[in-house]
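See below for the structure under consideration.
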Amino acid sequence: MLYDKDIREPLFDFLEENFGRVRILEEKNMGKSRADIVMITENAFFGVEIKSDADTYARLKRQVKDYDTFFDYNIIAVGSSHAHHITEHVPEWWGIITIDEIDGKPDFYMYRKAEHAPEVDIKQQLTFMWRPELADIQALNDMPKYKDKSKQFVIDKVYDKIPHDLLKNQMCAMLFERDYNSIAERINAYRVENGQKARRKRKYKKRKRI
């Protein structure tokens with residue numbers, strides 16, 4: 001039986017082989033759920049959920065709703081025990097990757113390609129952006145800085161003022177360049193510049209695959 005830990009790294013390689021240049025981020029909160037994998041392409045956000053043979057469908061209904069709100073395209077990667085019934089549990093626009101075990105290693109097959117999620121909300125995608133990244137988007141589009149406003153206020157303004165196709169491309173470009181090594185310093189520099197107290201340094205999970 002293959003477990004999640006056996007699947008992840010080989011799955012990253014499979015995604016890169018099938019989608020080309022991508023940036024992969026792991027374990028991102030979204031609504032009331034958590035995405036196993038966020039995959040960024042040049043102009044789209046992909047959500048990838050892993051259901052190994054050891055997993056059940058108990059939380060999938062709630063997860064599907066959140067994935068469809070936060071991502072342009074969604075894919076579920078399932079162990080062989082789920083392969084015959086997975087189409088009953090995800091919408092028709094979800095992509096499906098099946099996972100067989102061959103010589104103790106996962107073997108992936110693109111059973112169904114993902115189609116665009118009909119109710120994706122770019123405003124929800126903006127919540128993935130750090131405040132300094134939002135400031136960069138504001139600068140690129142000659143918007144006011146809104147220094148004394150909340151992150152949600154800035155998100156609302158960015159959403160209203162910038163054409164969404166352009167905004168999506170800018171967001172994807174920034175996520176490709178996101179540097180987890182320097183983010184603590186950058187966030188603190190932003191806070192100090194805007195009259196806020198610097199935060200205590202914390203560790204960020206790093207993964208950069210391009």
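If you're wondering about the labels, chains in the structure tokens are A, B, ... by order shown, residues count from 1 in each chain, ligands from 1 in order shown.
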Quick one: DSSP strand (DSSP E) residues in region 30-184 of chain A, as a ChimeraX atom specification?
-> /A:30,33-40,45-51,73-79,95-102,105-112
Keeping only C-alpha atoms, take the residues you just selected and write them out as a compact mmCIF listing (two decimals), in the first residue's frame.
```
# COMPACT_ATOMS: atom_id res chain seq x y z
CA MET A 30 -8.02 27.62 1.82
CA SER A 33 -9.74 23.10 4.17
CA ARG A 34 -6.09 22.70 3.28
CA ALA A 35 -4.76 22.04 -0.21
CA ASP A 36 -2.16 19.28 -0.38
CA ILE A 37 -0.44 20.98 -3.32
CA VAL A 38 -0.76 24.37 -4.97
CA MET A 39 0.73 24.34 -8.46
CA ILE A 40 1.32 27.65 -10.20
CA PHE A 45 -3.60 28.31 -10.04
CA PHE A 46 -3.96 24.52 -9.79
CA GLY A 47 -5.09 22.71 -6.65
CA VAL A 48 -4.04 19.09 -6.20
CA GLU A 49 -5.57 16.77 -3.62
CA ILE A 50 -3.95 13.42 -2.78
CA LYS A 51 -6.06 10.47 -1.69
CA TYR A 73 -8.14 23.99 -12.15
CA ASN A 74 -8.29 21.06 -9.74
CA ILE A 75 -6.81 17.59 -9.84
CA ILE A 76 -7.23 14.64 -7.52
CA ALA A 77 -4.52 11.97 -7.40
CA VAL A 78 -5.94 8.68 -6.13
CA GLY A 79 -4.62 5.27 -5.18
CA GLY A 95 -8.75 16.20 -13.43
CA ILE A 96 -7.96 12.70 -12.19
CA ILE A 97 -4.57 11.05 -11.79
CA THR A 98 -4.57 7.37 -10.87
CA ILE A 99 -1.71 5.84 -8.93
CA ASP A 100 -0.70 2.18 -9.19
CA GLU A 101 2.06 0.51 -7.24
CA ILE A 102 4.71 -1.10 -9.43
CA LYS A 105 6.92 2.63 -6.36
CA PRO A 106 4.03 4.83 -7.57
CA ASP A 107 3.15 4.81 -11.26
CA PHE A 108 0.96 7.71 -12.41
CA TYR A 109 -1.58 7.92 -15.21
CA MET A 110 -3.53 11.03 -16.30
CA TYR A 111 -6.99 9.48 -16.38
CA ARG A 112 -8.81 12.78 -17.01
```
From a DSSP calculation on the backbone, collect every residue of chain A in helix (DSSP H, G or I) and output the set as a PyMOL selection string.
-> chain A and resi 4-19+60-70+86-88+122-128+131-140+151-161+164-177+183-193
Quick one: everything within 8 Å of region 129-143 of chain A, counting only C-alpha atoms, minus sequence neighbours fewer than 2 positions away in the same chain. Send it as number ranges by chain.
-> A: 125-127, 145, 151, 154-155, 158, 162, 170-171, 174, 186-187, 190
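Using only C-alpha atoms, the nearest neighbour of Val64 (chain A) within the list A:Ser52, A:Phe12, A:Ile24, A:Ala117 is A:Ala117.
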Of the residues A:Ala44, A:Ile122, A:Met1, A:Ile86, which is the one nearest to Phe70 (chain A), using only C-alpha atoms?
->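 Selected residue with least distance to Phe70 (chain A): A:Ile122.
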Nearest to Lys32 (chain A), chosen from A:Arg62, A:Glu17, A:Trp94, A:Asp4, with only C-alpha atoms counted in the distances | A:Arg62
Give me, please, the distance in Å between CA of Pro91 (chain A) and CA of Asp66 (chain A), quoted to one decimal.
->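 It comes out at 12.7 Å.
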